[in-house]
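Here's the structure we're looking at; comments come further down.
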Amino acid sequence: MDREFRDFSLKDLGFDKYTCRKCGSSFWSSVYREYCPDRPCSKYDFLFKKYSSVRNLSIDESRDLFIKYFMEKNHGYVDPYPVVAKWRDDLYLTIASIIVFQPLVTDGVVEPPFNPLVIVQPCVRLEDIDNVGLTFGRHMTSFEMGGHHAFNKKDKHVYWIRETIEYSLEFFNKYIGIPIESIVFKESWWEGGGNAGPALEVIVDGLELATLVFMKYKLVNGEYRPSPVYVVDTGYGMERIAWFTRKTPTAYHAVFDQLINKYKEILNIDVLTDDLLYYIVYSTSDKDINSINELESFIVENKLDEYWKKLLNTIALFTTLDHVKTILLLLSNGVVPSNTGEGYLVRLVLRRLLKTLLKTGVEISRLVYVLNELVNKQIEYWSDRYVYRFRDKAEYIYEVISIETRRFIDNIT
């Protein structure tokens, strides 16, 4: 990214550039480091590190603080869009906040509602669905992305690299309470929805909290061409910020809170204690574990075989929490299960959830009842919070889930 800093360098903010001795990636830090603080070069040190000023934030508080900060910086607030990207003909789901503004705003065809703007967009992303639960919250099928966006044209400069980094530093340092010396910017690249550009990942003691993308290019027939609009595209993870500040064993604890115990009771399963979960999450945080078999190998190597069944139950519990929320998001947006488009995707998640429930020991005859109980708990938990108006669509949600569950049962019996 050196060429991106012709007019500005992170050195101006007291950061020096380093090359990770393990992975070879380039990163910027205000203190000397031999290794980047990212997996697989570092562990989740944030789980046990004592920060004197970090605030304990729920996901609601993280969201509110993010919006408040950028509105104070003269960003106009934009209400989130549906998680089904009906305005796109190349995507089924809203996978990032910038998707809301592609391609018309990013191509300069229409003006954004505000410039600059702030939005916290619920997103659904299924590419890593097999890793849900397995990575203890690093992967979720649905999440909230906080984005502050600026759209720069030749005749209108809003802000670019320097201001974006300064906003990030001020937000994380002064509003969240993270020491500057703990914040690292790792050079990267991001592309999606037809645009691309160099990026900086904001990583703190093992956990990526945000990505700052400077979208200079437009993808045309596989080629990168200069974009008519230079877009500041940022993604702040609300769930990750809550996890970081609360230091819970997993991101699921930070997001779903009391639902964890309620789901455990409904499923009637034994799960890992928090102490053991902390140990496993921390010990695996610098490893690429992408399958149950790989996780089992780690458990055997560390002589934790006696906890294997409880660990499987714990992963199933996290998967259930994640998938139920995603199903609620999709159904509350009017998705009808089918074999095509977004209808296929909600059916895929639902059937994966039902298979998970069977693995935990739920009897086929009780699937409809148990799933309704799980759905009811999340409707109660999320309704009246932010844009999660699940209660308004409850009748439709229960009807669809009942029909789809019975179809699933018919197919396996």
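Quick note on naming: the chains in the structure tokens go A, B, ... in the order shown, residues restart at 1 in each chain, and ligands are numbered from 1 in order of appearance.
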Residues within 12 Å of A:Glu127, please, as number ranges by chain. Count only C-alpha atoms; anything in the same chain fewer than 6 positions from it doesn't count.
A: 93, 95, 139-142, 345, 349
Restricted to N, CA and C atoms, what would the selected residues look like written as a PDB file, in the first residue's frame?
ATOM      1  N   LEU A  93     -28.243 -11.511  -0.985  1.00  0.00           N
ATOM      2  CA  LEU A  93     -28.239 -11.040   0.393  1.00  0.00           C
ATOM      3  C   LEU A  93     -27.385  -9.785   0.561  1.00  0.00           C
ATOM      4  N   ILE A  95     -24.575  -8.451   2.175  1.00  0.00           N
ATOM      5  CA  ILE A  95     -23.420  -9.060   2.842  1.00  0.00           C
ATOM      6  C   ILE A  95     -22.510  -8.035   3.507  1.00  0.00           C
ATOM      7  N   HIS A 139     -16.775 -16.535  13.057  1.00  0.00           N
ATOM      8  CA  HIS A 139     -17.675 -16.612  11.912  1.00  0.00           C
ATOM      9  C   HIS A 139     -19.117 -16.692  12.407  1.00  0.00           C
ATOM     10  N   MET A 140     -19.966 -15.837  11.860  1.00  0.00           N
ATOM     11  CA  MET A 140     -21.402 -15.877  12.114  1.00  0.00           C
ATOM     12  C   MET A 140     -22.122 -15.709  10.781  1.00  0.00           C
ATOM     13  N   THR A 141     -23.278 -16.337  10.642  1.00  0.00           N
ATOM     14  CA  THR A 141     -24.007 -16.177   9.384  1.00  0.00           C
ATOM     15  C   THR A 141     -24.763 -14.860   9.333  1.00  0.00           C
ATOM     16  N   SER A 142     -25.030 -14.256  10.470  1.00  0.00           N
ATOM     17  CA  SER A 142     -25.648 -12.924  10.490  1.00  0.00           C
ATOM     18  C   SER A 142     -24.933 -12.062  11.521  1.00  0.00           C
ATOM     19  N   LEU A 345     -31.612 -20.329   0.148  1.00  0.00           N
ATOM     20  CA  LEU A 345     -30.650 -20.059   1.215  1.00  0.00           C
ATOM     21  C   LEU A 345     -31.278 -20.203   2.595  1.00  0.00           C
ATOM     22  N   VAL A 349     -30.212 -23.006   5.528  1.00  0.00           N
ATOM     23  CA  VAL A 349     -29.883 -22.714   6.926  1.00  0.00           C
ATOM     24  C   VAL A 349     -30.823 -23.465   7.857  1.00  0.00           C
TER      25      VAL A 349
END
Run DSSP on the backbone and grab whatever in stretch 268-389 of chain A lands in alpha helix (DSSP H); send it over as number ranges by chain.
A: 274-284, 292-301, 308-332, 341-359, 367-382
For the residues in the current selection, export C-alpha atoms as a compact mmCIF listing (two decimals), in the first residue's frame.
# COMPACT_ATOMS: atom_id res chain seq x y z
CA ASP A 274 -16.61 -21.12 30.99
CA ASP A 275 -13.12 -21.78 32.36
CA LEU A 276 -12.54 -24.71 30.03
CA LEU A 277 -14.07 -22.80 27.14
CA TYR A 278 -11.69 -19.89 27.73
CA TYR A 279 -8.78 -22.33 27.59
CA ILE A 280 -9.89 -23.98 24.35
CA VAL A 281 -10.84 -20.71 22.63
CA TYR A 282 -7.52 -19.11 23.53
CA SER A 283 -5.45 -22.19 22.68
CA THR A 284 -7.01 -22.56 19.23
CA ILE A 292 -14.56 -31.00 13.38
CA ASN A 293 -11.78 -33.50 12.60
CA GLU A 294 -9.12 -30.80 12.94
CA LEU A 295 -10.62 -29.67 16.24
CA GLU A 296 -10.73 -33.26 17.47
CA SER A 297 -7.04 -33.65 16.67
CA PHE A 298 -6.31 -30.62 18.85
CA ILE A 299 -8.41 -32.04 21.69
CA VAL A 300 -6.64 -35.41 21.53
CA GLU A 301 -3.18 -33.80 21.39
CA TRP A 308 -15.16 -33.98 23.61
CA LYS A 309 -18.89 -34.69 23.90
CA LYS A 310 -19.48 -31.48 25.87
CA LEU A 311 -17.46 -29.54 23.31
CA LEU A 312 -19.61 -30.92 20.48
CA ASN A 313 -22.71 -29.91 22.42
CA THR A 314 -21.27 -26.44 22.96
CA ILE A 315 -20.58 -25.99 19.26
CA ALA A 316 -24.09 -27.22 18.45
CA LEU A 317 -25.50 -24.71 20.94
CA PHE A 318 -23.64 -21.83 19.28
CA THR A 319 -24.68 -23.03 15.82
CA THR A 320 -28.30 -23.17 16.94
CA LEU A 321 -28.22 -19.64 18.34
CA ASP A 322 -26.64 -18.32 15.15
CA HIS A 323 -28.90 -20.14 12.70
CA VAL A 324 -32.15 -19.29 14.49
CA LYS A 325 -31.32 -15.58 14.35
CA THR A 326 -30.41 -15.76 10.67
CA ILE A 327 -33.63 -17.61 9.86
CA LEU A 328 -35.62 -14.96 11.73
CA LEU A 329 -33.86 -12.20 9.80
CA LEU A 330 -34.60 -13.81 6.45
CA LEU A 331 -38.20 -14.77 7.18
CA SER A 332 -39.02 -11.40 8.73
CA GLY A 341 -32.51 -17.68 -4.84
CA GLU A 342 -32.79 -16.44 -1.28
CA GLY A 343 -35.58 -18.98 -0.74
CA TYR A 344 -33.04 -21.75 -1.20
CA LEU A 345 -30.65 -20.06 1.22
CA VAL A 346 -33.15 -19.85 4.08
CA ARG A 347 -34.10 -23.48 3.47
CA LEU A 348 -30.42 -24.43 3.55
CA VAL A 349 -29.88 -22.71 6.93
CA LEU A 350 -33.08 -24.17 8.36
CA ARG A 351 -32.25 -27.73 7.35
CA ARG A 352 -28.73 -27.37 8.66
CA LEU A 353 -30.25 -26.20 11.95
CA LEU A 354 -32.63 -29.18 12.08
CA LYS A 355 -29.75 -31.60 11.51
CA THR A 356 -27.85 -29.90 14.33
CA LEU A 357 -30.82 -30.32 16.67
CA LEU A 358 -31.01 -34.03 15.85
CA LYS A 359 -27.31 -34.38 16.69
CA LEU A 367 -38.52 -31.15 16.35
CA VAL A 368 -41.41 -28.78 15.64
CA TYR A 369 -42.05 -28.14 19.34
CA VAL A 370 -38.39 -27.61 20.24
CA LEU A 371 -37.72 -25.33 17.29
CA ASN A 372 -40.78 -23.24 18.11
CA GLU A 373 -39.45 -22.84 21.66
CA LEU A 374 -36.04 -21.76 20.38
CA VAL A 375 -37.60 -19.32 17.92
CA ASN A 376 -39.88 -17.88 20.59
CA LYS A 377 -36.93 -17.13 22.89
CA GLN A 378 -35.10 -15.20 20.17
CA ILE A 379 -38.21 -13.31 19.11
CA GLU A 380 -38.57 -12.17 22.72
CA TYR A 381 -34.87 -11.35 22.97
CA TRP A 382 -34.50 -9.31 19.78
Residues within 7 Å of stretch 24-29 of chain A, only C-alpha atoms, excluding chain neighbours under 4 positions, as a ChimeraX atom specification
/A:15-20,36,183-187
Selected residues written out with C-alpha atoms, as a PDB file, in the first residue's frame:
ATOM      1  CA  PHE A  15       3.039   4.530  13.581  1.00  0.00           C
ATOM      2  CA  ASP A  16       5.898   2.626  11.980  1.00  0.00           C
ATOM      3  CA  LYS A  17       5.689  -0.067   9.351  1.00  0.00           C
ATOM      4  CA  TYR A  18       6.763  -3.629  10.181  1.00  0.00           C
ATOM      5  CA  THR A  19       6.878  -6.945   8.375  1.00  0.00           C
ATOM      6  CA  CYS A  20       5.596  -9.920  10.330  1.00  0.00           C
ATOM      7  CA  CYS A  36       1.378  -9.097  13.539  1.00  0.00           C
ATOM      8  CA  ILE A 183      -4.027  -0.853  17.941  1.00  0.00           C
ATOM      9  CA  VAL A 184      -2.466  -2.249  14.772  1.00  0.00           C
ATOM     10  CA  PHE A 185      -3.315  -1.533  11.127  1.00  0.00           C
ATOM     11  CA  LYS A 186      -2.609  -4.518   8.891  1.00  0.00           C
ATOM     12  CA  GLU A 187      -2.372  -3.917   5.149  1.00  0.00           C
TER      13      GLU A 187
END
Skip A:Asp90 itself and residues of its chain fewer than 5 positions away, then list as a PyMOL selection string all residues within 12 Å of it, counting only C-alpha atoms.
chain A and resi 84-85+95+99+102-103+192-194+341-342
Could you dump the residues just selected with C-alpha atoms as an mmCIF file, in the first residue's frame?
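again.cif was written with the following content:
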data_model
loop_
_atom_site.group_PDB
_atom_site.id
_atom_site.type_symbol
_atom_site.label_atom_id
_atom_site.label_comp_id
_atom_site.auth_asym_id
_atom_site.auth_seq_id
_atom_site.Cartn_x
_atom_site.Cartn_y
_atom_site.Cartn_z
ATOM 1 C CA VAL A 84 -32.422 -9.393 1.178
ATOM 2 C CA ALA A 85 -30.772 -7.313 -1.547
ATOM 3 C CA ILE A 95 -23.420 -9.060 2.842
ATOM 4 C CA ILE A 99 -23.978 -3.193 -0.700
ATOM 5 C CA GLN A 102 -23.843 -0.265 -4.900
ATOM 6 C CA PRO A 103 -23.875 0.218 -7.801
ATOM 7 C CA GLY A 192 -17.045 -7.077 -3.219
ATOM 8 C CA GLY A 193 -20.193 -6.056 -4.991
ATOM 9 C CA GLY A 194 -18.278 -4.815 -8.015
ATOM 10 C CA GLY A 341 -32.510 -17.682 -4.841
ATOM 11 C CA GLU A 342 -32.794 -16.444 -1.281
#
A:Gly137 surroundings by only C-alpha atoms, 6 Å radius, close-in-sequence under 2 positions cut, as a list of chain:residue names
A:Thr135, A:His139, A:Thr250, A:Ala251, A:Tyr252
How about saving the chosen residues, C-alpha atoms kept, as a PDB file, in the first residue's frame?
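Contents of the output file again_9.pdb:
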ATOM      1  CA  THR A 135     -14.499 -20.827  15.505  1.00  0.00           C
ATOM      2  CA  HIS A 139     -17.675 -16.612  11.912  1.00  0.00           C
ATOM      3  CA  THR A 250     -16.861 -16.471  22.979  1.00  0.00           C
ATOM      4  CA  ALA A 251     -18.579 -13.878  20.821  1.00  0.00           C
ATOM      5  CA  TYR A 252     -21.826 -15.802  21.304  1.00  0.00           C
TER       6      TYR A 252
END
Using atom CA of A:Glu265 and atom CA of A:Asp410 as the two end points, give the distance in Å to one decimal.
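It comes out at 27.1 Å.
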Got a sec to tell me which of stretch 222-383 of chain A DSSP assigns to strand (DSSP E), as a list in words?
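Everything in stretch 222-383 of chain A that counts as strand (DSSP E) is Glu223, Tyr224, Arg225, Pro226, Ser227, Pro228, Val229, Tyr230, Val231, Val232, Asp233, Thr234, Gly235, Tyr236 and Gly237 of chain A.
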I need the chosen residues saved as a PDB file, in the first residue's frame, with N, CA and C atoms.
ATOM      1  N   GLU A 223     -11.518  -7.043 -14.766  1.00  0.00           N
ATOM      2  CA  GLU A 223     -10.413  -6.088 -14.749  1.00  0.00           C
ATOM      3  C   GLU A 223     -10.694  -4.954 -13.766  1.00  0.00           C
ATOM      4  N   TYR A 224      -9.611  -4.445 -13.154  1.00  0.00           N
ATOM      5  CA  TYR A 224      -9.731  -3.307 -12.251  1.00  0.00           C
ATOM      6  C   TYR A 224      -9.608  -2.013 -13.056  1.00  0.00           C
ATOM      7  N   ARG A 225     -10.636  -1.211 -12.976  1.00  0.00           N
ATOM      8  CA  ARG A 225     -10.614   0.079 -13.657  1.00  0.00           C
ATOM      9  C   ARG A 225     -10.869   1.186 -12.643  1.00  0.00           C
ATOM     10  N   PRO A 226     -10.303   2.368 -12.852  1.00  0.00           N
ATOM     11  CA  PRO A 226     -10.525   3.467 -11.903  1.00  0.00           C
ATOM     12  C   PRO A 226     -12.017   3.746 -11.738  1.00  0.00           C
ATOM     13  N   SER A 227     -12.425   3.902 -10.501  1.00  0.00           N
ATOM     14  CA  SER A 227     -13.834   4.183 -10.222  1.00  0.00           C
ATOM     15  C   SER A 227     -14.108   5.678 -10.359  1.00  0.00           C
ATOM     16  N   PRO A 228     -15.290   6.044 -10.862  1.00  0.00           N
ATOM     17  CA  PRO A 228     -15.631   7.471 -10.949  1.00  0.00           C
ATOM     18  C   PRO A 228     -15.832   8.105  -9.576  1.00  0.00           C
ATOM     19  N   VAL A 229     -16.037   7.247  -8.571  1.00  0.00           N
ATOM     20  CA  VAL A 229     -16.214   7.712  -7.196  1.00  0.00           C
ATOM     21  C   VAL A 229     -15.220   6.968  -6.314  1.00  0.00           C
ATOM     22  N   TYR A 230     -14.410   7.705  -5.567  1.00  0.00           N
ATOM     23  CA  TYR A 230     -13.519   7.094  -4.588  1.00  0.00           C
ATOM     24  C   TYR A 230     -14.304   6.956  -3.282  1.00  0.00           C
ATOM     25  N   VAL A 231     -14.502   5.713  -2.859  1.00  0.00           N
ATOM     26  CA  VAL A 231     -15.408   5.440  -1.745  1.00  0.00           C
ATOM     27  C   VAL A 231     -14.649   5.002  -0.501  1.00  0.00           C
ATOM     28  N   VAL A 232     -14.925   5.662   0.598  1.00  0.00           N
ATOM     29  CA  VAL A 232     -14.470   5.180   1.899  1.00  0.00           C
ATOM     30  C   VAL A 232     -15.499   4.163   2.362  1.00  0.00           C
ATOM     31  N   ASP A 233     -15.074   2.914   2.440  1.00  0.00           N
ATOM     32  CA  ASP A 233     -15.971   1.815   2.814  1.00  0.00           C
ATOM     33  C   ASP A 233     -15.419   1.148   4.063  1.00  0.00           C
ATOM     34  N   THR A 234     -16.053   1.365   5.180  1.00  0.00           N
ATOM     35  CA  THR A 234     -15.559   0.779   6.426  1.00  0.00           C
ATOM     36  C   THR A 234     -16.549  -0.226   6.984  1.00  0.00           C
ATOM     37  N   GLY A 235     -16.017  -1.216   7.668  1.00  0.00           N
ATOM     38  CA  GLY A 235     -16.856  -2.209   8.324  1.00  0.00           C
ATOM     39  C   GLY A 235     -16.381  -2.442   9.742  1.00  0.00           C
ATOM     40  N   TYR A 236     -17.155  -1.967  10.706  1.00  0.00           N
ATOM     41  CA  TYR A 236     -16.862  -2.176  12.126  1.00  0.00           C
ATOM     42  C   TYR A 236     -17.784  -3.283  12.633  1.00  0.00           C
ATOM     43  N   GLY A 237     -17.212  -4.304  13.257  1.00  0.00           N
ATOM     44  CA  GLY A 237     -18.016  -5.422  13.736  1.00  0.00           C
ATOM     45  C   GLY A 237     -18.624  -5.128  15.100  1.00  0.00           C
TER      46      GLY A 237
END
The distance between atom CA of A:Pro337 and atom CA of A:Asp89 is 18.9 Å
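Distance annotation: of A:Leu47, A:Val202, A:Cys23, A:Ala96, the residue with the minimal separation from A:Trp243 is A:Leu47; atom set is only C-alpha atoms.
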Between A:Val213, A:Phe408, A:Asp205, A:Met238, which has the minimum distance to A:Glu181 (counting only C-alpha atoms)?
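The closest residue to A:Glu181 is A:Asp205.
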What's around A:Val54 at 7 Å? Count only C-alpha atoms, leave out sequence neighbours fewer than 2 positions away in its own chain, and write the answer as a list of chain:residue names.
A:Tyr51, A:Ser52, A:Asn56, A:Ile176, A:Gly177, A:Ile178, A:Thr245
Once you have the residues from the selection above, write them out as a PDB file, in the first residue's frame, restricted to N, CA and C atoms.
ATOM      1  N   TYR A  51      -7.098  -3.896  30.442  1.00  0.00           N
ATOM      2  CA  TYR A  51      -7.111  -2.543  29.883  1.00  0.00           C
ATOM      3  C   TYR A  51      -7.740  -1.630  30.929  1.00  0.00           C
ATOM      4  N   SER A  52      -7.064  -0.591  31.277  1.00  0.00           N
ATOM      5  CA  SER A  52      -7.544   0.255  32.374  1.00  0.00           C
ATOM      6  C   SER A  52      -8.777   1.068  32.023  1.00  0.00           C
ATOM      7  N   ASN A  56     -17.197  -1.656  29.175  1.00  0.00           N
ATOM      8  CA  ASN A  56     -17.920  -2.913  28.986  1.00  0.00           C
ATOM      9  C   ASN A  56     -19.195  -2.609  28.217  1.00  0.00           C
ATOM     10  N   ILE A 176     -13.904   3.824  23.053  1.00  0.00           N
ATOM     11  CA  ILE A 176     -13.890   2.458  23.571  1.00  0.00           C
ATOM     12  C   ILE A 176     -12.896   2.315  24.715  1.00  0.00           C
ATOM     13  N   GLY A 177     -11.797   3.067  24.657  1.00  0.00           N
ATOM     14  CA  GLY A 177     -10.811   3.023  25.730  1.00  0.00           C
ATOM     15  C   GLY A 177      -9.601   2.159  25.447  1.00  0.00           C
ATOM     16  N   ILE A 178      -9.393   1.787  24.195  1.00  0.00           N
ATOM     17  CA  ILE A 178      -8.256   0.936  23.836  1.00  0.00           C
ATOM     18  C   ILE A 178      -6.985   1.782  23.722  1.00  0.00           C
ATOM     19  N   THR A 245     -14.863  -5.934  24.428  1.00  0.00           N
ATOM     20  CA  THR A 245     -15.004  -5.143  25.653  1.00  0.00           C
ATOM     21  C   THR A 245     -15.499  -5.970  26.831  1.00  0.00           C
TER      22      THR A 245
END
To one decimal place, how far is atom CA of A:Leu134 from atom CA of A:Asn290 in Å?
7.4 Å
Residues near A:Pro40, cut-off 9 Å, only C-alpha atoms, skip fewer than 6 positions along chain, as a list of chain:residue names:
A:Lys22, A:Cys23, A:Ser285, A:Asp286, A:Lys287, A:Asp288
Using only C-alpha atoms, which residue out of A:Val336, A:Ile161, A:Tyr44, A:Thr94 lies closest to A:Glu399?
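Of A:Val336, A:Ile161, A:Tyr44, A:Thr94, the one nearest A:Glu399, counting only C-alpha atoms, is A:Val336.
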Residue with smallest distance to A:Asp392 - pool A:Gly361, A:Gly334, A:Gly147, A:Pro113, counting only C-alpha atoms
A:Gly334
